[in-house]
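For reference, run.cif is printed below; it contains mmCIF, N, CA and C atoms.
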```cif
data_entry
#
loop_
_atom_site.group_PDB
_atom_site.id
_atom_site.type_symbol
_atom_site.label_atom_id
_atom_site.label_comp_id
_atom_site.auth_asym_id
_atom_site.auth_seq_id
_atom_site.Cartn_x
_atom_site.Cartn_y
_atom_site.Cartn_z
ATOM 1 N N MET A 1 21.471 -43.540 84.287
ATOM 2 C CA MET A 1 22.641 -44.209 83.759
ATOM 3 C C MET A 1 23.663 -44.322 84.881
ATOM 4 N N ASN A 2 24.264 -45.539 85.061
ATOM 5 C CA ASN A 2 25.247 -45.675 86.133
ATOM 6 C C ASN A 2 26.563 -45.028 85.722
ATOM 7 N N SER A 3 27.453 -44.843 86.702
ATOM 8 C CA SER A 3 28.684 -44.089 86.420
ATOM 9 C C SER A 3 29.590 -44.809 85.431
ATOM 10 N N THR A 4 29.618 -46.152 85.460
ATOM 11 C CA THR A 4 30.467 -46.890 84.519
ATOM 12 C C THR A 4 29.955 -46.703 83.098
ATOM 13 N N ALA A 5 28.661 -46.828 82.904
ATOM 14 C CA ALA A 5 28.093 -46.628 81.570
ATOM 15 C C ALA A 5 28.323 -45.200 81.101
ATOM 16 N N GLN A 6 28.160 -44.243 81.997
ATOM 17 C CA GLN A 6 28.386 -42.850 81.635
ATOM 18 C C GLN A 6 29.857 -42.634 81.284
ATOM 19 N N THR A 7 30.771 -43.215 82.059
ATOM 20 C CA THR A 7 32.196 -43.083 81.780
ATOM 21 C C THR A 7 32.516 -43.651 80.409
ATOM 22 N N ASN A 8 32.000 -44.837 80.091
ATOM 23 C CA ASN A 8 32.260 -45.436 78.791
ATOM 24 C C ASN A 8 31.704 -44.577 77.669
ATOM 25 N N LEU A 9 30.527 -43.988 77.881
ATOM 26 C CA LEU A 9 29.937 -43.114 76.880
ATOM 27 C C LEU A 9 30.801 -41.868 76.680
ATOM 28 N N GLU A 10 31.278 -41.279 77.767
ATOM 29 C CA GLU A 10 32.136 -40.096 77.667
ATOM 30 C C GLU A 10 33.419 -40.423 76.930
ATOM 31 N N VAL A 11 34.007 -41.584 77.199
ATOM 32 C CA VAL A 11 35.236 -41.985 76.524
ATOM 33 C C VAL A 11 34.973 -42.135 75.039
ATOM 34 N N SER A 12 33.849 -42.767 74.678
ATOM 35 C CA SER A 12 33.518 -42.949 73.268
ATOM 36 C C SER A 12 33.377 -41.611 72.560
ATOM 37 N N LYS A 13 32.737 -40.637 73.210
ATOM 38 C CA LYS A 13 32.558 -39.334 72.579
ATOM 39 C C LYS A 13 33.901 -38.686 72.287
ATOM 40 N N VAL A 14 34.822 -38.752 73.221
ATOM 41 C CA VAL A 14 36.138 -38.150 72.994
ATOM 42 C C VAL A 14 36.871 -38.898 71.891
ATOM 43 N N GLN A 15 36.801 -40.208 71.910
ATOM 44 C CA GLN A 15 37.469 -40.985 70.869
ATOM 45 C C GLN A 15 36.883 -40.662 69.502
ATOM 46 N N ASP A 16 35.566 -40.473 69.422
ATOM 47 C CA ASP A 16 34.941 -40.114 68.156
ATOM 48 C C ASP A 16 35.474 -38.795 67.625
ATOM 49 N N SER A 17 35.814 -37.881 68.527
ATOM 50 C CA SER A 17 36.286 -36.566 68.086
ATOM 51 C C SER A 17 37.659 -36.643 67.416
ATOM 52 N N THR A 18 38.454 -37.636 67.733
ATOM 53 C CA THR A 18 39.776 -37.766 67.099
ATOM 54 C C THR A 18 39.815 -38.868 66.049
ATOM 55 N N ARG A 19 38.783 -39.698 66.010
ATOM 56 C CA ARG A 19 38.777 -40.839 65.087
ATOM 57 C C ARG A 19 38.977 -40.391 63.642
ATOM 58 N N GLN A 20 38.299 -39.344 63.214
ATOM 59 C CA GLN A 20 38.418 -38.892 61.823
ATOM 60 C C GLN A 20 39.833 -38.429 61.503
ATOM 61 N N ASP A 21 40.474 -37.734 62.431
ATOM 62 C CA ASP A 21 41.858 -37.302 62.208
ATOM 63 C C ASP A 21 42.796 -38.490 62.097
ATOM 64 N N VAL A 22 42.586 -39.486 62.942
ATOM 65 C CA VAL A 22 43.426 -40.692 62.891
ATOM 66 C C VAL A 22 43.199 -41.431 61.576
ATOM 67 N N LEU A 23 41.945 -41.544 61.150
ATOM 68 C CA LEU A 23 41.651 -42.225 59.884
ATOM 69 C C LEU A 23 42.252 -41.488 58.691
ATOM 70 N N LYS A 24 42.224 -40.150 58.713
ATOM 71 C CA LYS A 24 42.862 -39.377 57.642
ATOM 72 C C LYS A 24 44.354 -39.656 57.597
ATOM 73 N N ARG A 25 44.978 -39.689 58.772
ATOM 74 C CA ARG A 25 46.411 -39.949 58.824
ATOM 75 C C ARG A 25 46.717 -41.365 58.333
ATOM 76 N N LEU A 26 45.869 -42.328 58.696
ATOM 77 C CA LEU A 26 46.068 -43.701 58.218
ATOM 78 C C LEU A 26 45.935 -43.788 56.697
ATOM 79 N N ASN A 27 44.988 -43.059 56.127
ATOM 80 C CA ASN A 27 44.855 -43.037 54.669
ATOM 81 C C ASN A 27 46.095 -42.444 54.024
ATOM 82 N N TYR A 28 46.613 -41.378 54.623
ATOM 83 C CA TYR A 28 47.838 -40.756 54.116
ATOM 84 C C TYR A 28 48.992 -41.767 54.172
ATOM 85 N N ILE A 29 49.116 -42.460 55.288
ATOM 86 C CA ILE A 29 50.191 -43.434 55.467
ATOM 87 C C ILE A 29 50.060 -44.560 54.448
ATOM 88 N N ALA A 30 48.848 -45.069 54.274
ATOM 89 C CA ALA A 30 48.623 -46.163 53.320
ATOM 90 C C ALA A 30 48.996 -45.728 51.905
ATOM 91 N N GLY A 31 48.594 -44.524 51.531
ATOM 92 C CA GLY A 31 48.939 -44.013 50.208
ATOM 93 C C GLY A 31 50.433 -43.822 50.041
ATOM 94 N N HIS A 32 51.047 -43.323 51.086
ATOM 95 C CA HIS A 32 52.488 -43.110 51.044
ATOM 96 C C HIS A 32 53.226 -44.443 50.920
ATOM 97 N N LEU A 33 52.786 -45.451 51.663
ATOM 98 C CA LEU A 33 53.410 -46.775 51.572
ATOM 99 C C LEU A 33 53.264 -47.365 50.169
ATOM 100 N N GLU A 34 52.109 -47.153 49.562
ATOM 101 C CA GLU A 34 51.914 -47.644 48.189
ATOM 102 C C GLU A 34 52.890 -46.946 47.235
ATOM 103 N N GLY A 35 53.102 -45.649 47.461
ATOM 104 C CA GLY A 35 54.080 -44.929 46.650
ATOM 105 C C GLY A 35 55.489 -45.462 46.844
ATOM 106 N N ILE A 36 55.828 -45.820 48.063
ATOM 107 C CA ILE A 36 57.151 -46.401 48.334
ATOM 108 C C ILE A 36 57.274 -47.750 47.640
ATOM 109 N N ARG A 37 56.204 -48.543 47.667
ATOM 110 C CA ARG A 37 56.223 -49.832 46.972
ATOM 111 C C ARG A 37 56.523 -49.631 45.481
ATOM 112 N N ARG A 38 55.850 -48.645 44.877
ATOM 113 C CA ARG A 38 56.096 -48.368 43.457
ATOM 114 C C ARG A 38 57.544 -47.946 43.229
ATOM 115 N N MET A 39 58.059 -47.124 44.125
ATOM 116 C CA MET A 39 59.453 -46.686 43.984
ATOM 117 C C MET A 39 60.407 -47.873 44.013
ATOM 118 N N VAL A 40 60.168 -48.812 44.917
ATOM 119 C CA VAL A 40 61.023 -50.001 45.010
ATOM 120 C C VAL A 40 60.871 -50.849 43.748
ATOM 121 N N GLU A 41 59.624 -51.056 43.306
ATOM 122 C CA GLU A 41 59.385 -51.843 42.091
ATOM 123 C C GLU A 41 60.054 -51.213 40.877
ATOM 124 N N GLU A 42 60.099 -49.891 40.853
ATOM 125 C CA GLU A 42 60.699 -49.167 39.727
ATOM 126 C C GLU A 42 62.195 -48.924 39.930
ATOM 127 N N ASP A 43 62.750 -49.510 40.983
ATOM 128 C CA ASP A 43 64.188 -49.431 41.270
ATOM 129 C C ASP A 43 64.679 -47.993 41.384
ATOM 130 N N LYS A 44 63.928 -47.187 42.127
ATOM 131 C CA LYS A 44 64.307 -45.787 42.337
ATOM 132 C C LYS A 44 65.543 -45.714 43.241
ATOM 133 N N TYR A 45 66.170 -44.578 43.250
ATOM 134 C CA TYR A 45 67.399 -44.325 44.003
ATOM 135 C C TYR A 45 67.147 -44.523 45.504
ATOM 136 N N CYS A 46 67.989 -45.336 46.142
ATOM 137 C CA CYS A 46 67.788 -45.724 47.550
ATOM 138 C C CYS A 46 67.572 -44.540 48.496
ATOM 139 N N PRO A 47 68.378 -43.483 48.436
ATOM 140 C CA PRO A 47 68.137 -42.359 49.340
ATOM 141 C C PRO A 47 66.753 -41.732 49.151
ATOM 142 N N ASP A 48 66.243 -41.724 47.922
ATOM 143 C CA ASP A 48 64.901 -41.184 47.694
ATOM 144 C C ASP A 48 63.845 -42.068 48.362
ATOM 145 N N VAL A 49 64.027 -43.379 48.291
ATOM 146 C CA VAL A 49 63.105 -44.307 48.947
ATOM 147 C C VAL A 49 63.173 -44.112 50.461
ATOM 148 N N LEU A 50 64.388 -44.011 50.983
ATOM 149 C CA LEU A 50 64.544 -43.848 52.429
ATOM 150 C C LEU A 50 63.925 -42.552 52.936
ATOM 151 N N LYS A 51 64.039 -41.492 52.160
ATOM 152 C CA LYS A 51 63.400 -40.231 52.565
ATOM 153 C C LYS A 51 61.896 -40.422 52.728
ATOM 154 N N GLN A 52 61.307 -41.210 51.852
ATOM 155 C CA GLN A 52 59.872 -41.459 51.941
ATOM 156 C C GLN A 52 59.536 -42.350 53.135
ATOM 157 N N THR A 53 60.389 -43.318 53.436
ATOM 158 C CA THR A 53 60.126 -44.162 54.612
ATOM 159 C C THR A 53 60.229 -43.336 55.887
ATOM 160 N N PHE A 54 61.142 -42.373 55.914
ATOM 161 C CA PHE A 54 61.257 -41.498 57.085
ATOM 162 C C PHE A 54 59.980 -40.678 57.255
ATOM 163 N N ALA A 55 59.416 -40.219 56.131
ATOM 164 C CA ALA A 55 58.171 -39.441 56.193
ATOM 165 C C ALA A 55 57.029 -40.299 56.743
ATOM 166 N N VAL A 56 56.971 -41.562 56.357
ATOM 167 C CA VAL A 56 55.938 -42.468 56.873
ATOM 168 C C VAL A 56 56.126 -42.678 58.372
ATOM 169 N N ARG A 57 57.362 -42.855 58.780
ATOM 170 C CA ARG A 57 57.634 -43.047 60.212
ATOM 171 C C ARG A 57 57.171 -41.836 61.019
ATOM 172 N N ARG A 58 57.451 -40.641 60.520
ATOM 173 C CA ARG A 58 57.002 -39.426 61.216
ATOM 174 C C ARG A 58 55.477 -39.360 61.271
ATOM 175 N N ALA A 59 54.827 -39.748 60.192
ATOM 176 C CA ALA A 59 53.355 -39.727 60.173
ATOM 177 C C ALA A 59 52.790 -40.727 61.181
ATOM 178 N N ILE A 60 53.412 -41.883 61.294
ATOM 179 C CA ILE A 60 52.968 -42.874 62.278
ATOM 180 C C ILE A 60 53.189 -42.333 63.682
ATOM 181 N N GLU A 61 54.331 -41.710 63.922
ATOM 182 C CA GLU A 61 54.601 -41.150 65.251
ATOM 183 C C GLU A 61 53.580 -40.070 65.615
ATOM 184 N N LYS A 62 53.198 -39.240 64.649
ATOM 185 C CA LYS A 62 52.186 -38.211 64.914
ATOM 186 C C LYS A 62 50.840 -38.856 65.230
ATOM 187 N N MET A 63 50.502 -39.910 64.494
ATOM 188 C CA MET A 63 49.246 -40.608 64.749
ATOM 189 C C MET A 63 49.259 -41.242 66.138
ATOM 190 N N GLU A 64 50.371 -41.845 66.507
ATOM 191 C CA GLU A 64 50.491 -42.436 67.840
ATOM 192 C C GLU A 64 50.324 -41.369 68.918
ATOM 193 N N ALA A 65 50.903 -40.208 68.691
ATOM 194 C CA ALA A 65 50.782 -39.120 69.671
ATOM 195 C C ALA A 65 49.331 -38.669 69.806
ATOM 196 N N MET A 66 48.601 -38.619 68.702
ATOM 197 C CA MET A 66 47.188 -38.237 68.752
ATOM 198 C C MET A 66 46.391 -39.250 69.567
ATOM 199 N N ILE A 67 46.639 -40.529 69.309
ATOM 200 C CA ILE A 67 45.919 -41.583 70.019
ATOM 201 C C ILE A 67 46.273 -41.555 71.502
ATOM 202 N N LEU A 68 47.561 -41.412 71.803
ATOM 203 C CA LEU A 68 47.997 -41.386 73.193
ATOM 204 C C LEU A 68 47.418 -40.190 73.933
ATOM 205 N N GLU A 69 47.412 -39.035 73.291
ATOM 206 C CA GLU A 69 46.852 -37.844 73.945
ATOM 207 C C GLU A 69 45.377 -38.056 74.281
ATOM 208 N N GLY A 70 44.632 -38.610 73.344
ATOM 209 C CA GLY A 70 43.230 -38.898 73.599
ATOM 210 C C GLY A 70 43.060 -39.892 74.739
ATOM 211 N N HIS A 71 43.909 -40.898 74.766
ATOM 212 C CA HIS A 71 43.853 -41.910 75.818
ATOM 213 C C HIS A 71 44.153 -41.288 77.183
ATOM 214 N N LEU A 72 45.158 -40.439 77.240
ATOM 215 C CA LEU A 72 45.524 -39.806 78.510
ATOM 216 C C LEU A 72 44.397 -38.906 79.023
ATOM 217 N N HIS A 73 43.766 -38.185 78.114
ATOM 218 C CA HIS A 73 42.704 -37.255 78.526
ATOM 219 C C HIS A 73 41.400 -37.963 78.883
ATOM 220 N N THR A 74 41.219 -39.176 78.391
ATOM 221 C CA THR A 74 39.942 -39.862 78.628
ATOM 222 C C THR A 74 40.132 -41.087 79.505
ATOM 223 N N CYS A 75 40.619 -42.149 78.926
ATOM 224 C CA CYS A 75 40.693 -43.443 79.625
ATOM 225 C C CYS A 75 41.538 -43.369 80.889
ATOM 226 N N VAL A 76 42.687 -42.741 80.802
ATOM 227 C CA VAL A 76 43.567 -42.655 81.971
ATOM 228 C C VAL A 76 42.916 -41.817 83.067
ATOM 229 N N ALA A 77 42.397 -40.676 82.690
ATOM 230 C CA ALA A 77 41.748 -39.816 83.691
ATOM 231 C C ALA A 77 40.571 -40.526 84.337
ATOM 232 N N HIS A 78 39.750 -41.196 83.547
ATOM 233 C CA HIS A 78 38.603 -41.921 84.091
ATOM 234 C C HIS A 78 39.062 -43.080 84.978
ATOM 235 N N GLY A 79 40.101 -43.785 84.554
ATOM 236 C CA GLY A 79 40.605 -44.895 85.346
ATOM 237 C C GLY A 79 41.103 -44.459 86.708
ATOM 238 N N ILE A 80 41.798 -43.346 86.738
ATOM 239 C CA ILE A 80 42.302 -42.825 88.017
ATOM 240 C C ILE A 80 41.131 -42.380 88.896
ATOM 241 N N ARG A 81 40.167 -41.679 88.305
ATOM 242 C CA ARG A 81 38.990 -41.252 89.080
ATOM 243 C C ARG A 81 38.197 -42.443 89.614
ATOM 244 N N ASP A 82 38.218 -43.563 88.849
ATOM 245 C CA ASP A 82 37.486 -44.768 89.271
ATOM 246 C C ASP A 82 38.280 -45.635 90.242
ATOM 247 N N GLY A 83 39.485 -45.168 90.638
ATOM 248 C CA GLY A 83 40.284 -45.908 91.616
ATOM 249 C C GLY A 83 41.106 -47.037 91.034
ATOM 250 N N ARG A 84 41.373 -46.998 89.747
ATOM 251 C CA ARG A 84 42.169 -48.055 89.107
ATOM 252 C C ARG A 84 43.574 -47.568 88.765
ATOM 253 N N GLU A 85 44.185 -46.836 89.709
ATOM 254 C CA GLU A 85 45.501 -46.231 89.460
ATOM 255 C C GLU A 85 46.547 -47.259 89.057
ATOM 256 N N ASP A 86 46.634 -48.378 89.791
ATOM 257 C CA ASP A 86 47.654 -49.393 89.495
ATOM 258 C C ASP A 86 47.481 -49.959 88.090
ATOM 259 N N GLU A 87 46.248 -50.259 87.725
ATOM 260 C CA GLU A 87 45.965 -50.798 86.391
ATOM 261 C C GLU A 87 46.368 -49.795 85.309
ATOM 262 N N VAL A 88 46.014 -48.543 85.516
ATOM 263 C CA VAL A 88 46.315 -47.489 84.545
ATOM 264 C C VAL A 88 47.825 -47.293 84.423
ATOM 265 N N ILE A 89 48.512 -47.244 85.539
ATOM 266 C CA ILE A 89 49.967 -47.049 85.509
ATOM 267 C C ILE A 89 50.655 -48.238 84.852
ATOM 268 N N ASN A 90 50.216 -49.456 85.156
ATOM 269 C CA ASN A 90 50.799 -50.642 84.525
ATOM 270 C C ASN A 90 50.610 -50.615 83.016
ATOM 271 N N GLU A 91 49.431 -50.203 82.580
ATOM 272 C CA GLU A 91 49.168 -50.111 81.147
ATOM 273 C C GLU A 91 50.084 -49.071 80.496
ATOM 274 N N LEU A 92 50.234 -47.920 81.129
ATOM 275 C CA LEU A 92 51.110 -46.879 80.587
ATOM 276 C C LEU A 92 52.565 -47.334 80.557
ATOM 277 N N MET A 93 52.989 -48.058 81.592
ATOM 278 C CA MET A 93 54.362 -48.575 81.615
ATOM 279 C C MET A 93 54.583 -49.593 80.493
ATOM 280 N N GLU A 94 53.578 -50.411 80.235
ATOM 281 C CA GLU A 94 53.669 -51.380 79.132
ATOM 282 C C GLU A 94 53.832 -50.654 77.805
ATOM 283 N N LEU A 95 53.034 -49.603 77.591
ATOM 284 C CA LEU A 95 53.160 -48.822 76.373
ATOM 285 C C LEU A 95 54.532 -48.151 76.267
ATOM 286 N N TYR A 96 54.989 -47.620 77.382
ATOM 287 C CA TYR A 96 56.307 -46.979 77.420
ATOM 288 C C TYR A 96 57.396 -47.967 77.039
ATOM 289 N N ASN A 97 57.333 -49.171 77.586
ATOM 290 C CA ASN A 97 58.322 -50.202 77.281
ATOM 291 C C ASN A 97 58.232 -50.655 75.833
ATOM 292 N N LEU A 98 57.018 -50.791 75.304
ATOM 293 C CA LEU A 98 56.854 -51.171 73.912
ATOM 294 C C LEU A 98 57.435 -50.118 72.971
ATOM 295 N N ALA A 99 57.351 -48.886 73.396
ATOM 296 C CA ALA A 99 57.872 -47.794 72.566
ATOM 297 C C ALA A 99 59.396 -47.757 72.585
ATOM 298 N N GLY A 100 60.006 -48.589 73.432
ATOM 299 C CA GLY A 100 61.466 -48.660 73.461
ATOM 300 C C GLY A 100 62.100 -47.482 74.171
ATOM 301 N N ARG A 101 61.370 -46.861 75.060
ATOM 302 C CA ARG A 101 61.904 -45.679 75.729
ATOM 303 C C ARG A 101 62.306 -45.967 77.155
ATOM 304 N N ALA A 102 62.326 -47.242 77.526
ATOM 305 C CA ALA A 102 62.710 -47.584 78.903
ATOM 306 C C ALA A 102 64.149 -48.036 78.952
#
```

Could you write out this structure as structure tokens?
Amino acid sequence: MNSTAQTNLEVSKVQDSTRQDVLKRLNYIAGHLEGIRRMVEEDKYCPDVLKQTFAVRRAIEKMEAMILEGHLHTCVAHGIRDGREDEVINELMELYNLAGRA
């Protein structure tokens, strides 16, 4: 197996190890959003609805952190080892800017 194929296989294995956790969190988020929809339809008290939206936001942030951590440990590390430092850094900067932290 060549090094690129092996690298892609290694990345897939690591991603598989976190995929189930991410999917569980997505199911939680989807269920929570459906509950918020019901609250709005039932004209629940605004602060109660907002508390639930804050909980969804935190769950999304945790999911993003899980995905980012996996990416840093796999794709970024492999990219740097493969000599693609500029590409990897540009991608990380794009993510940083999208996150509104620049």

Worksheet item: Residues at most 8 Å from His32 in chain A, counting all atoms listed in the file, excluding those fewer than 3 positions away in the same chain, as a PyMOL selection string?
Response: chain A and resi 26-29+35-38+52-53+55-56

Selection above as a file: N, CA and C atoms, as a PDB file, in the frame of the given file:
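As a result, selection-v7.pdb now contains:
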```
ATOM      1  N   LEU A  26      45.869 -42.328  58.696  1.00  0.00           N
ATOM      2  CA  LEU A  26      46.068 -43.701  58.218  1.00  0.00           C
ATOM      3  C   LEU A  26      45.935 -43.788  56.697  1.00  0.00           C
ATOM      4  N   ASN A  27      44.988 -43.059  56.127  1.00  0.00           N
ATOM      5  CA  ASN A  27      44.855 -43.037  54.669  1.00  0.00           C
ATOM      6  C   ASN A  27      46.095 -42.444  54.024  1.00  0.00           C
ATOM      7  N   TYR A  28      46.613 -41.378  54.623  1.00  0.00           N
ATOM      8  CA  TYR A  28      47.838 -40.756  54.116  1.00  0.00           C
ATOM      9  C   TYR A  28      48.992 -41.767  54.172  1.00  0.00           C
ATOM     10  N   ILE A  29      49.116 -42.460  55.288  1.00  0.00           N
ATOM     11  CA  ILE A  29      50.191 -43.434  55.467  1.00  0.00           C
ATOM     12  C   ILE A  29      50.060 -44.560  54.448  1.00  0.00           C
ATOM     13  N   GLY A  35      53.102 -45.649  47.461  1.00  0.00           N
ATOM     14  CA  GLY A  35      54.080 -44.929  46.650  1.00  0.00           C
ATOM     15  C   GLY A  35      55.489 -45.462  46.844  1.00  0.00           C
ATOM     16  N   ILE A  36      55.828 -45.820  48.063  1.00  0.00           N
ATOM     17  CA  ILE A  36      57.151 -46.401  48.334  1.00  0.00           C
ATOM     18  C   ILE A  36      57.274 -47.750  47.640  1.00  0.00           C
ATOM     19  N   ARG A  37      56.204 -48.543  47.667  1.00  0.00           N
ATOM     20  CA  ARG A  37      56.223 -49.832  46.972  1.00  0.00           C
ATOM     21  C   ARG A  37      56.523 -49.631  45.481  1.00  0.00           C
ATOM     22  N   ARG A  38      55.850 -48.645  44.877  1.00  0.00           N
ATOM     23  CA  ARG A  38      56.096 -48.368  43.457  1.00  0.00           C
ATOM     24  C   ARG A  38      57.544 -47.946  43.229  1.00  0.00           C
ATOM     25  N   GLN A  52      61.307 -41.210  51.852  1.00  0.00           N
ATOM     26  CA  GLN A  52      59.872 -41.459  51.941  1.00  0.00           C
ATOM     27  C   GLN A  52      59.536 -42.350  53.135  1.00  0.00           C
ATOM     28  N   THR A  53      60.389 -43.318  53.436  1.00  0.00           N
ATOM     29  CA  THR A  53      60.126 -44.162  54.612  1.00  0.00           C
ATOM     30  C   THR A  53      60.229 -43.336  55.887  1.00  0.00           C
ATOM     31  N   ALA A  55      59.416 -40.219  56.131  1.00  0.00           N
ATOM     32  CA  ALA A  55      58.171 -39.441  56.193  1.00  0.00           C
ATOM     33  C   ALA A  55      57.029 -40.299  56.743  1.00  0.00           C
ATOM     34  N   VAL A  56      56.971 -41.562  56.357  1.00  0.00           N
ATOM     35  CA  VAL A  56      55.938 -42.468  56.873  1.00  0.00           C
ATOM     36  C   VAL A  56      56.126 -42.678  58.372  1.00  0.00           C
TER      37      VAL A  56
END
```

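If you look at CA of Lys24 in chain A and atom N of Leu92 in chain A, they are 26.1 Å away from each other.
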
Worksheet item: What does the distance between CA of Ala30 in chain A and CA of Pro47 in chain A come to in Å, to one decimal place?
Response: 20.3 Å

Worksheet item: In Å, how far is it from atom N of Cys75 in chain A to atom N of Glu87 in chain A?
Response: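 So the answer is 13.2 Å.
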
Tell me, counting all atoms listed in the file, for each residue of range 27-81 of chain A within 8 Å of range 15-21 of chain A, which pair of atoms is nearest and how far apart they are in Å to one decimal, in rows ordered by chain and increasing number, as a tab-separated table.
```
residue	atom	partner	partner_atom	distance
A:Asn27	N	A:Asp21	C	7.8
A:Met63	CA	A:Asp21	C	7.3
A:Met66	C	A:Thr18	CA	7.2
A:Ile67	N	A:Thr18	CA	7.7
A:Gly70	CA	A:Gln15	CA	6.7
A:His71	N	A:Gln15	CA	7.5
A:Thr74	CA	A:Gln15	N	7.4
```

Worksheet item: Using only N, CA and C atoms, which residues sit within 7 Å of Val88 in chain A once same-chain residues fewer than 6 positions away are excluded, as a list of chain:residue names?
Response: A:Val76, A:Gly79, A:Ile80

Discussion item. Can you pull out every residue from chain A that DSSP, working from the backbone, puts in alpha helix (DSSP H), and format the result as a PyMOL selection string?
Written reply: chain A and resi 3-41+46-71+77-81+85-98
